[in-house]
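Participant: So here's query-v7.txt, just compact mmCIF, C-alpha atoms:
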```
# COMPACT_ATOMS: atom_id res chain seq x y z
CA MET A 80 0.00 0.00 0.00
CA ALA A 81 1.34 3.42 -0.93
CA GLU A 82 2.43 5.65 1.94
CA GLN A 83 -0.11 8.27 2.85
CA PRO A 84 1.03 11.78 1.86
CA LYS A 85 2.38 13.82 4.72
CA SER A 86 -0.24 16.52 4.24
CA GLU A 87 -3.05 13.97 4.59
CA LYS A 88 -1.46 12.53 7.70
CA ASP A 89 -1.15 15.98 9.20
CA ALA A 90 -4.80 16.68 8.37
CA ALA A 91 -5.87 13.41 10.00
CA ARG A 92 -3.86 14.19 13.13
CA ARG A 93 -5.37 17.66 13.27
CA ARG A 94 -8.89 16.24 13.00
CA GLN A 95 -8.21 13.81 15.82
CA LYS A 96 -6.81 16.57 18.01
CA VAL A 97 -9.74 18.89 17.31
CA VAL A 98 -12.33 16.17 17.95
CA ARG A 99 -10.57 15.23 21.18
CA ARG A 100 -10.67 18.83 22.40
CA ILE A 101 -14.30 19.22 21.36
CA CYS A 102 -15.04 16.13 23.45
CA ILE A 103 -13.25 17.71 26.43
CA SER A 104 -15.38 20.84 25.99
CA SER A 105 -18.47 18.63 25.92
CA PHE A 106 -17.25 16.95 29.11
CA PHE A 107 -17.10 20.32 30.89
CA SER A 108 -20.57 21.28 29.60
CA VAL A 109 -22.17 18.04 30.78
CA CYS A 110 -20.51 18.51 34.18
CA GLN A 111 -22.16 21.94 34.47
CA HIS A 112 -25.52 20.49 33.50
CA PHE A 113 -25.45 17.23 35.44
CA ILE A 114 -24.06 18.52 38.73
CA PHE A 115 -27.63 19.60 39.61
CA ALA A 116 -29.22 16.17 39.20
CA GLN A 117 -30.16 15.97 42.89
CA SER A 118 -29.53 19.45 44.22
CA GLU A 119 -31.84 21.54 42.03
CA PRO A 120 -34.99 19.47 42.71
CA ARG A 121 -34.08 19.51 46.41
CA LEU A 122 -33.53 23.27 46.36
CA PHE A 123 -36.90 24.02 44.76
CA LEU A 124 -38.64 21.60 47.12
CA SER A 125 -37.08 23.43 50.07
CA LEU A 126 -38.03 26.85 48.64
CA CYS A 127 -41.60 25.61 48.15
CA ASN A 128 -41.87 24.58 51.83
CA LYS A 129 -41.78 20.86 50.98
CA ASP A 130 -44.71 21.19 48.57
CA ALA A 131 -43.69 18.51 46.05
CA ALA A 132 -46.46 19.40 43.58
CA MET A 133 -45.43 23.06 43.43
CA ALA A 134 -41.73 22.21 43.15
CA THR A 135 -42.34 19.72 40.34
CA ARG A 136 -44.57 22.24 38.55
CA ILE A 137 -41.82 24.89 38.69
CA LEU A 138 -39.23 22.42 37.38
CA GLY A 139 -41.54 21.36 34.57
CA ASN A 140 -42.52 24.91 33.62
CA THR A 141 -38.93 26.14 33.56
CA SER A 142 -37.90 23.17 31.41
CA GLY A 143 -40.76 23.93 29.03
CA ILE A 144 -39.85 27.62 28.81
CA ALA A 145 -36.22 26.68 28.18
CA GLY A 146 -37.30 24.35 25.39
CA LEU A 147 -39.41 27.02 23.69
CA LEU A 148 -36.73 29.71 23.94
CA SER A 149 -34.14 27.24 22.68
CA LEU A 150 -36.01 27.14 19.36
CA ILE A 151 -34.96 30.74 18.86
CA VAL A 152 -31.55 30.71 20.54
CA ASN A 153 -30.28 27.54 18.90
CA GLN A 154 -31.39 28.57 15.43
CA ALA A 155 -30.22 32.17 15.64
CA GLY A 156 -27.00 31.23 17.43
CA GLY A 157 -26.25 28.44 14.98
CA LYS A 158 -26.70 30.72 11.98
CA LEU A 159 -24.65 33.43 13.65
CA SER A 160 -21.83 30.95 14.24
CA ASP A 161 -21.85 30.23 10.50
CA SER A 162 -20.81 33.87 10.08
CA ILE A 163 -18.48 34.60 13.00
CA GLY A 164 -17.12 31.13 13.76
CA ARG A 165 -17.76 28.47 16.39
CA LYS A 166 -15.43 29.53 19.19
CA PRO A 167 -17.60 32.42 20.48
CA GLY A 168 -20.49 29.98 20.72
CA PHE A 169 -18.40 27.63 22.85
CA LEU A 170 -17.76 30.50 25.28
CA VAL A 171 -21.37 31.60 25.74
CA GLY A 172 -22.37 28.74 28.04
CA PRO A 173 -19.45 28.68 30.49
CA LEU A 174 -19.22 32.47 30.76
CA CYS A 175 -22.92 32.75 31.57
CA ASN A 176 -22.72 29.82 34.00
CA ILE A 177 -20.05 31.65 35.99
CA ILE A 178 -22.41 34.61 36.40
CA LEU A 179 -25.50 32.47 37.04
CA GLY A 180 -23.69 30.36 39.61
CA PHE A 181 -22.61 33.36 41.65
CA LEU A 182 -26.09 34.91 41.42
CA VAL A 183 -27.56 31.84 43.11
CA VAL A 184 -24.74 31.68 45.67
CA LEU A 185 -25.52 35.28 46.67
CA ASN A 186 -29.33 34.78 46.59
CA PRO A 187 -30.05 31.17 47.68
CA LEU A 188 -33.56 32.02 48.95
CA ASN A 189 -34.77 33.97 45.91
CA ARG A 190 -37.00 31.44 44.15
CA PRO A 191 -37.91 33.55 41.07
CA LEU A 192 -34.25 34.43 40.47
CA ILE A 193 -33.16 30.80 40.78
CA ALA A 194 -35.92 29.77 38.36
CA VAL A 195 -34.72 32.33 35.79
CA CYS A 196 -31.12 31.17 36.28
CA ARG A 197 -32.25 27.58 35.67
CA VAL A 198 -33.92 28.54 32.38
CA LEU A 199 -30.85 30.42 31.18
CA ARG A 200 -28.53 27.60 32.22
CA LEU A 201 -30.56 24.99 30.37
CA ILE A 202 -30.65 27.10 27.21
CA LEU A 203 -27.06 28.31 27.09
CA THR A 204 -25.35 25.14 28.30
CA THR A 205 -27.20 23.13 25.68
CA PHE A 206 -26.32 25.67 23.00
CA SER A 207 -22.60 25.65 23.81
CA ASN A 208 -22.59 21.87 24.05
CA THR A 209 -25.02 20.15 21.69
CA VAL A 210 -25.32 22.85 19.02
CA MET A 211 -21.73 24.07 18.92
CA CYS A 212 -20.07 20.68 19.39
CA THR A 213 -22.14 19.12 16.63
CA ALA A 214 -21.43 22.02 14.27
CA ALA A 215 -17.70 22.01 15.06
CA VAL A 216 -17.39 18.25 14.59
CA ALA A 217 -19.22 18.54 11.26
CA ASP A 218 -16.71 21.22 10.21
CA VAL A 219 -13.72 18.91 10.53
CA CYS A 220 -15.12 15.40 9.99
CA SER A 221 -16.36 13.71 6.87
CA SER A 222 -19.75 12.01 6.85
CA SER A 223 -18.11 8.63 7.49
CA GLU A 224 -16.21 9.98 10.51
CA LEU A 225 -19.07 11.96 12.03
CA ALA A 226 -20.88 9.09 13.76
CA LEU A 227 -17.69 7.84 15.41
CA ALA A 228 -16.88 11.37 16.61
CA MET A 229 -20.38 11.64 18.10
CA SER A 230 -19.75 8.32 19.85
CA ARG A 231 -16.63 9.80 21.44
CA MET A 232 -18.68 12.78 22.62
CA GLN A 233 -21.07 10.31 24.22
CA THR A 234 -18.13 8.76 26.05
CA ALA A 235 -17.10 12.20 27.30
CA ALA A 236 -20.65 12.77 28.55
CA GLY A 237 -20.57 9.45 30.36
CA LEU A 238 -17.31 10.36 32.08
CA ALA A 239 -18.86 13.63 33.24
CA MET A 240 -21.78 11.67 34.70
CA LEU A 241 -19.30 9.51 36.57
CA LEU A 242 -17.49 12.49 38.12
CA THR A 243 -20.14 15.06 38.98
CA PRO A 244 -22.35 12.86 41.23
CA PHE A 245 -19.42 12.47 43.63
CA ILE A 246 -18.87 16.24 43.76
CA GLU A 247 -22.57 16.94 44.21
CA GLY A 248 -23.05 14.09 46.67
CA ARG A 249 -20.17 15.28 48.83
CA ILE A 250 -21.61 18.80 49.04
CA LEU A 251 -25.15 17.54 49.76
CA HIS A 252 -23.80 15.20 52.42
CA TRP A 253 -23.09 18.25 54.58
CA SER A 254 -26.52 19.85 54.11
CA PRO A 255 -28.95 17.94 51.86
CA TRP A 256 -31.94 20.27 52.27
CA SER A 257 -30.77 23.73 53.34
CA PRO A 258 -30.59 26.32 50.52
CA HIS A 259 -27.54 27.76 52.24
CA GLY A 260 -25.84 24.39 51.87
CA ILE A 261 -27.09 23.57 48.38
CA LYS A 262 -25.79 26.92 47.09
CA TYR A 263 -22.27 25.49 47.19
CA VAL A 264 -23.24 23.15 44.35
CA TYR A 265 -23.77 26.30 42.29
CA ALA A 266 -20.37 27.54 43.42
CA ALA A 267 -18.89 24.26 42.17
CA LYS A 268 -20.65 24.79 38.84
CA ALA A 269 -19.14 28.26 38.57
CA ALA A 270 -15.69 26.79 39.26
CA ILE A 271 -16.15 24.15 36.53
CA ALA A 272 -17.39 26.85 34.15
CA THR A 273 -14.26 28.89 34.88
CA LEU A 274 -12.05 25.92 33.97
CA HIS A 275 -14.16 25.37 30.86
CA THR A 276 -13.75 28.99 29.78
CA ALA A 277 -9.98 28.82 30.24
CA PHE A 278 -9.84 25.59 28.22
CA VAL A 279 -11.85 27.01 25.32
CA VAL A 280 -9.78 30.21 25.21
CA THR A 281 -6.39 28.48 25.34
CA GLN A 282 -6.88 25.03 23.77
CA LEU A 283 -9.86 24.95 21.43
CA GLU A 284 -9.11 26.19 17.95
CA GLU A 285 -11.59 27.61 15.48
CA THR A 286 -13.02 24.89 13.23
CA LEU A 287 -14.81 27.01 10.63
CA ASP A 288 -12.38 28.51 8.14
CA VAL A 289 -12.93 32.15 7.24
CA CYS A 290 -13.35 31.26 3.57
CA LYS A 291 -16.26 28.94 4.44
CA ARG A 292 -18.19 31.40 6.59
CA ALA A 293 -21.53 32.77 5.51
CA SER A 294 -22.13 36.46 5.09
CA ALA A 295 -23.51 38.04 8.25
CA LYS A 296 -27.04 39.20 7.44
CA ILE A 297 -29.63 39.57 10.18
CA THR A 298 -32.91 38.33 8.78
CA PHE A 299 -36.19 37.06 10.17
CA ASP A 300 -35.18 33.52 9.24
CA MET A 301 -32.39 33.68 11.83
CA VAL A 302 -34.84 34.10 14.72
CA ASN A 303 -37.94 32.44 13.28
CA PRO A 304 -38.75 29.72 15.87
CA PHE A 305 -40.70 27.77 13.27
CA GLY A 306 -37.91 27.64 10.73
CA PHE A 307 -37.38 23.96 11.45
CA LEU A 308 -40.78 23.22 9.88
CA ARG A 309 -39.17 23.74 6.47
CA ILE A 310 -37.74 20.26 6.89
CA PHE A 311 -41.29 18.93 6.49
CA THR A 312 -42.15 21.19 3.55
CA GLN A 313 -38.88 21.39 1.60
CA GLY A 314 -36.73 18.50 2.82
CA SER A 315 -36.59 15.02 1.38
CA GLN A 316 -38.90 12.29 2.63
CA ALA A 317 -35.98 10.40 4.15
CA LEU A 318 -34.92 13.50 6.10
CA ARG A 319 -38.46 14.01 7.40
CA LYS A 320 -38.62 10.45 8.66
CA LEU A 321 -35.19 10.69 10.26
CA VAL A 322 -36.05 13.93 12.07
CA THR A 323 -39.33 12.47 13.32
CA ILE A 324 -37.60 9.35 14.65
CA THR A 325 -34.87 11.40 16.33
CA THR A 326 -37.43 13.74 17.90
CA LEU A 327 -39.37 10.85 19.38
CA GLN A 328 -36.10 9.36 20.62
CA MET A 329 -35.39 12.56 22.55
CA PHE A 330 -38.45 11.92 24.73
CA LEU A 331 -36.48 9.05 26.29
CA GLU A 332 -33.29 11.04 26.89
CA GLY A 333 -32.10 11.08 30.48
CA LYS A 334 -31.94 14.88 30.61
CA ASN A 335 -35.65 15.09 29.76
CA LEU A 336 -36.67 12.52 32.37
CA SER A 337 -34.22 13.56 35.07
CA ASP A 338 -36.55 15.78 37.14
CA VAL A 339 -39.36 13.22 37.13
CA VAL A 340 -37.02 10.36 38.02
CA GLN A 341 -35.47 12.40 40.84
CA ALA A 342 -38.88 13.13 42.35
CA TRP A 343 -39.87 9.48 42.06
CA ILE A 344 -36.78 7.97 43.67
CA ARG A 345 -36.63 10.67 46.34
CA ASP A 346 -40.30 10.73 47.41
CA HIS A 347 -41.51 7.23 46.49
CA LEU A 348 -38.43 5.05 46.94
CA LYS A 349 -37.02 7.24 49.76
CA TRP A 350 -33.47 6.96 48.48
CA SER A 351 -30.62 8.68 50.27
CA VAL A 352 -28.18 11.06 48.62
CA THR A 353 -25.66 8.21 48.34
CA GLN A 354 -28.16 5.85 46.69
CA VAL A 355 -29.14 8.48 44.12
CA ARG A 356 -25.47 9.18 43.48
CA ASN A 357 -24.82 5.49 42.81
CA PHE A 358 -27.78 5.36 40.44
CA ILE A 359 -26.45 8.31 38.43
CA VAL A 360 -22.93 6.86 38.40
CA GLY A 361 -24.33 3.61 37.04
CA TYR A 362 -26.02 5.55 34.24
CA GLY A 363 -22.75 7.31 33.49
CA MET A 364 -20.88 4.00 33.41
CA LEU A 365 -23.30 2.63 30.83
CA CYS A 366 -23.02 5.77 28.69
CA THR A 367 -19.23 5.53 28.83
CA ALA A 368 -19.19 1.81 28.07
CA THR A 369 -21.54 2.11 25.10
CA GLY A 370 -19.56 5.03 23.69
CA LEU A 371 -16.32 3.06 23.92
CA SER A 372 -17.53 -0.32 22.72
CA ALA A 373 -21.17 -0.87 21.78
CA THR A 374 -21.69 2.12 19.50
CA PRO A 375 -18.49 1.64 17.43
CA TRP A 376 -19.36 -2.06 17.06
CA MET A 377 -22.87 -1.24 15.85
CA LEU A 378 -21.57 1.37 13.42
CA ARG A 379 -19.37 -1.32 11.87
CA ASN A 380 -21.86 -4.20 11.90
CA LEU A 381 -25.40 -2.83 11.84
CA SER A 382 -27.39 -0.55 9.62
CA PRO A 383 -28.92 2.61 11.15
CA ARG A 384 -32.31 0.85 11.13
CA GLY A 385 -30.89 -2.25 12.80
CA GLY A 386 -29.08 -0.27 15.50
CA TRP A 387 -32.14 1.82 16.27
CA LEU A 388 -34.48 -1.17 16.47
CA LEU A 389 -32.06 -2.99 18.77
CA HIS A 390 -32.23 -0.22 21.34
CA GLN A 391 -35.97 0.31 21.20
CA ARG A 392 -36.55 -3.03 22.90
CA GLY A 393 -35.60 -1.37 26.18
CA PRO A 394 -38.54 1.03 26.70
CA PHE A 395 -41.08 -1.77 26.98
CA ARG A 396 -38.99 -3.55 29.62
CA ASP A 397 -38.41 -0.25 31.43
CA ALA A 398 -42.15 0.41 31.61
CA ALA A 399 -42.73 -3.01 33.16
CA VAL A 400 -39.96 -2.47 35.71
CA ALA A 401 -41.10 1.05 36.63
CA ALA A 402 -44.71 0.01 37.05
CA ASP A 403 -43.90 -2.22 40.02
CA THR A 404 -40.62 -0.84 41.35
CA GLU A 405 -40.25 -0.73 45.10
CA SER A 406 -36.63 -1.71 45.59
CA GLU A 407 -33.30 -0.21 44.61
CA LEU A 408 -32.31 -3.39 42.78
CA GLN A 409 -35.36 -3.26 40.53
CA ALA A 410 -34.95 0.45 39.90
CA PHE A 411 -31.49 -0.09 38.55
CA GLY A 412 -33.20 -1.87 35.66
CA ARG A 413 -34.07 1.60 34.41
CA LEU A 414 -30.41 2.23 33.78
CA LYS A 415 -30.92 0.51 30.44
CA ARG A 416 -31.99 3.94 29.32
CA GLY A 417 -28.26 4.67 29.07
CA LEU A 418 -27.98 1.95 26.44
CA ARG A 419 -30.54 3.66 24.19
CA ARG A 420 -28.41 6.75 23.64
CA PRO A 421 -26.43 5.03 20.81
CA ALA A 422 -29.63 4.95 18.76
CA ALA A 423 -29.37 8.71 18.37
CA THR A 424 -25.78 8.28 17.23
CA MET A 425 -26.83 5.60 14.73
CA SER A 426 -29.38 8.01 13.24
CA LYS A 427 -26.58 10.43 12.35
CA THR A 428 -25.14 7.90 9.94
```
Can the structure in the file be given as structure tokens, please?
Facilitator:
Amino acid sequence: MAEQPKSEKDAARRRQKVVRRICISSFFSVCQHFIFAQSEPRLFLSLCNKDAAMATRILGNTSGIAGLLSLIVNQAGGKLSDSIGRKPGFLVGPLCNIILGFLVVLNPLNRPLIAVCRVLRLILTTFSNTVMCTAAVADVCSSSELALAMSRMQTAAGLAMLLTPFIEGRILHWSPWSPHGIKYVYAAKAAIATLHTAFVVTQLEETLDVCKRASAKITFDMVNPFGFLRIFTQGSQALRKLVTITTLQMFLEGKNLSDVVQAWIRDHLKWSVTQVRNFIVGYGMLCTATGLSATPWMLRNLSPRGGWLLHQRGPFRDAAVAADTESELQAFGRLKRGLRRPAATMSKT
């Protein structure tokens, strides 16, 4: 076999380095998002005077508001990054999380302020992670390399889920219900965001070449929250089906079920902080393991349809387990949800 030209080898090494650093950025973002798995529901429950219904309603409403506003932010921010580059987008999330973290630390009893900070964190952390990481990886990877790069990002997310529960659990161990104790979780988030900002500034290079950038024109299409509907009016039939499948898949994502699961295992199963921590760590271990082994194997041996169908067997078993779950051992059956994440990666192929 002829030796690969030096320029191609250099380009391959650069792609690997860039993807690795994008994965590290994703790791920091997931840490900032996942460090609140237990603490935020506990904080709102405390601020609502132990009224579980009110606390759950606030968590659900803020998640819904964040989802609606994300339609505008993600679309406008994504198009803006096509004009000015990706690196500013990577900085938006961590810089805002530093400010939001300190706002909560200084005002741990201000429920409206904390709710607003939650909405902004959900929007901006997701933008700097999911939107920017996907765009940056697409800038440097070919279509055949993209799915494997997304698998590596999944591994980075799993590692973050392994680390942050120990940080959060240690802080909550001192004061699991007091807002004045829980506020230190937000201080930890601000510290992680500071490290993330320093990493992006010093280590993450721009992935979108100047010659490939779009002209910066502010139009209604940039902020139109219903712009995505053009997929169903102008896109191909295959694209419409793929988007529909991926959207339905997102209903089963851990980040969308996290608040409900936390309320269930805290109030119904009466789990301690340590038990919840172990549950989350188990989920992170599965995400890491599938990113390292299962997903690459499926990409090599299964079609996108085959990989997706394989992982959709889990929801039916999960429903049966959840319907009659009273013990910690049975509840760990729900960790199979971590094994369904590769289906989203398969869809990108």
Participant: Near stretch 167-179 of chain A, counting only C-alpha atoms, which residues have an atom at most 9 Å away, once you skip same-chain residues fewer than 2 positions from it, shown as JSON, numbers by chain?
Facilitator: {"A": [104, 107, 108, 111, 156, 157, 159, 160, 163, 164, 165, 181, 182, 183, 184, 193, 196, 197, 199, 200, 202, 203, 204, 205, 206, 207, 208, 210, 211, 212, 265, 266, 268, 269, 270, 271, 272, 273, 274, 275, 276, 279, 280]}
Participant: Generate a file of the selected residues that holds C-alpha atoms, formatted as a compact mmCIF listing (two decimals), in the coordinates of the input.
Facilitator:
```txt
# COMPACT_ATOMS: atom_id res chain seq x y z
CA SER A 104 -15.38 20.84 25.99
CA PHE A 107 -17.10 20.32 30.89
CA SER A 108 -20.57 21.28 29.60
CA GLN A 111 -22.16 21.94 34.47
CA GLY A 156 -27.00 31.23 17.43
CA GLY A 157 -26.25 28.44 14.98
CA LEU A 159 -24.65 33.43 13.65
CA SER A 160 -21.83 30.95 14.24
CA ILE A 163 -18.48 34.60 13.00
CA GLY A 164 -17.12 31.13 13.76
CA ARG A 165 -17.76 28.47 16.39
CA PHE A 181 -22.61 33.36 41.65
CA LEU A 182 -26.09 34.91 41.42
CA VAL A 183 -27.56 31.84 43.11
CA VAL A 184 -24.74 31.68 45.67
CA ILE A 193 -33.16 30.80 40.78
CA CYS A 196 -31.12 31.17 36.28
CA ARG A 197 -32.25 27.58 35.67
CA LEU A 199 -30.85 30.42 31.18
CA ARG A 200 -28.53 27.60 32.22
CA ILE A 202 -30.65 27.10 27.21
CA LEU A 203 -27.06 28.31 27.09
CA THR A 204 -25.35 25.14 28.30
CA THR A 205 -27.20 23.13 25.68
CA PHE A 206 -26.32 25.67 23.00
CA SER A 207 -22.60 25.65 23.81
CA ASN A 208 -22.59 21.87 24.05
CA VAL A 210 -25.32 22.85 19.02
CA MET A 211 -21.73 24.07 18.92
CA CYS A 212 -20.07 20.68 19.39
CA TYR A 265 -23.77 26.30 42.29
CA ALA A 266 -20.37 27.54 43.42
CA LYS A 268 -20.65 24.79 38.84
CA ALA A 269 -19.14 28.26 38.57
CA ALA A 270 -15.69 26.79 39.26
CA ILE A 271 -16.15 24.15 36.53
CA ALA A 272 -17.39 26.85 34.15
CA THR A 273 -14.26 28.89 34.88
CA LEU A 274 -12.05 25.92 33.97
CA HIS A 275 -14.16 25.37 30.86
CA THR A 276 -13.75 28.99 29.78
CA VAL A 279 -11.85 27.01 25.32
CA VAL A 280 -9.78 30.21 25.21
```
Participant: Quick one: residues within 9 Å of stretch 258-261 of chain A, only C-alpha atoms counted, chain neighbours fewer than 3 positions away excluded, as an MDAnalysis selection string?
Facilitator: chainID A and resid 118:119 121:123 125:126 184 187:188 250:251 253:255 264:265
Participant: Dump as a tab-separated table the rows for residues of stretch 115-138 of chain A within 12 Å of stretch 359-380 of chain A: closest atom pair and distance in Å with one decimal, all atoms listed in the file counted, ordered by chain and rising residue number.
Facilitator:
```
residue	atom	partner	partner_atom	distance
A:Phe115	CA	A:Ile359	CA	11.4
A:Ala116	CA	A:Ile359	CA	8.4
A:Gln117	CA	A:Ile359	CA	9.6
```
Participant: Let me see the file: selected residues, C-alpha atoms, as a compact mmCIF listing (two decimals), keeping the file's coordinate frame.
Facilitator:
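Output file out-v9.txt follows:
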```
# COMPACT_ATOMS: atom_id res chain seq x y z
CA PHE A 115 -27.63 19.60 39.61
CA ALA A 116 -29.22 16.17 39.20
CA GLN A 117 -30.16 15.97 42.89
```
Participant: With 10 Å as the cut-off and only C-alpha atoms counted, what is the closest atom pair between each nearby residue of stretch 120-164 of chain A and stretch 342-349 of chain A? Distances in Å to one decimal, ordered by chain and number, as a tab-separated table.
Facilitator:
```
residue	atom	partner	partner_atom	distance
A:Pro120	CA	A:Ala342	CA	7.4
A:Arg121	CA	A:Ala342	CA	9.0
A:Leu124	CA	A:Ala342	CA	9.7
A:Ala131	CA	A:Ala342	CA	8.1
A:Ala132	CA	A:Ala342	CA	9.9
A:Ala134	CA	A:Ala342	CA	9.6
A:Thr135	CA	A:Ala342	CA	7.7
```
Participant: Include C-alpha atoms and write out the residues we just selected as a compact mmCIF listing (two decimals), in the coordinates of the input.
Facilitator:
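Listing of selection.txt after writing:
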```txt
# COMPACT_ATOMS: atom_id res chain seq x y z
CA PRO A 120 -34.99 19.47 42.71
CA ARG A 121 -34.08 19.51 46.41
CA LEU A 124 -38.64 21.60 47.12
CA ALA A 131 -43.69 18.51 46.05
CA ALA A 132 -46.46 19.40 43.58
CA ALA A 134 -41.73 22.21 43.15
CA THR A 135 -42.34 19.72 40.34
```
Participant: Which is closer to A:Leu242 than all the others in A:Lys88, A:Arg93, A:Arg309, A:Arg356, using only C-alpha atoms?
Facilitator: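 Closest candidate: A:Arg356.
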Participant: Counting only C-alpha atoms, which residue out of A:Leu381, A:Met329, A:Leu138, A:Leu287 sits closest to A:Pro191?
Facilitator: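 That would be A:Leu138, the residue with the smallest distance to A:Pro191.
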Participant: Do you have the atom CA of A:Gln282-atom CA of A:Glu247 distance handy?
Facilitator: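 So the answer is 27.0 Å.
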Participant: Rank A:Arg319, A:Val339, A:Thr213, A:Val289 by their smallest atom-to-atom distance to A:Gly139, using only C-alpha atoms, and report the top residue only.
Facilitator: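 Checking each candidate against A:Gly139, we get A:Val339 as the closest.
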Participant: Please indicate the distance in Å from atom CA of A:Cys290 to atom CA of A:Ala91, rounded to one decimal place.
Facilitator: 20.4 Å
Participant: Could you list, as a list in words, every residue within 10 Å of A:Thr353, counting all atoms listed in the file and ignoring same-chain residues fewer than 6 positions away?
Facilitator: Pro244, Phe245, Gly248, Arg249, Leu251, His252 and Ile359 of chain A
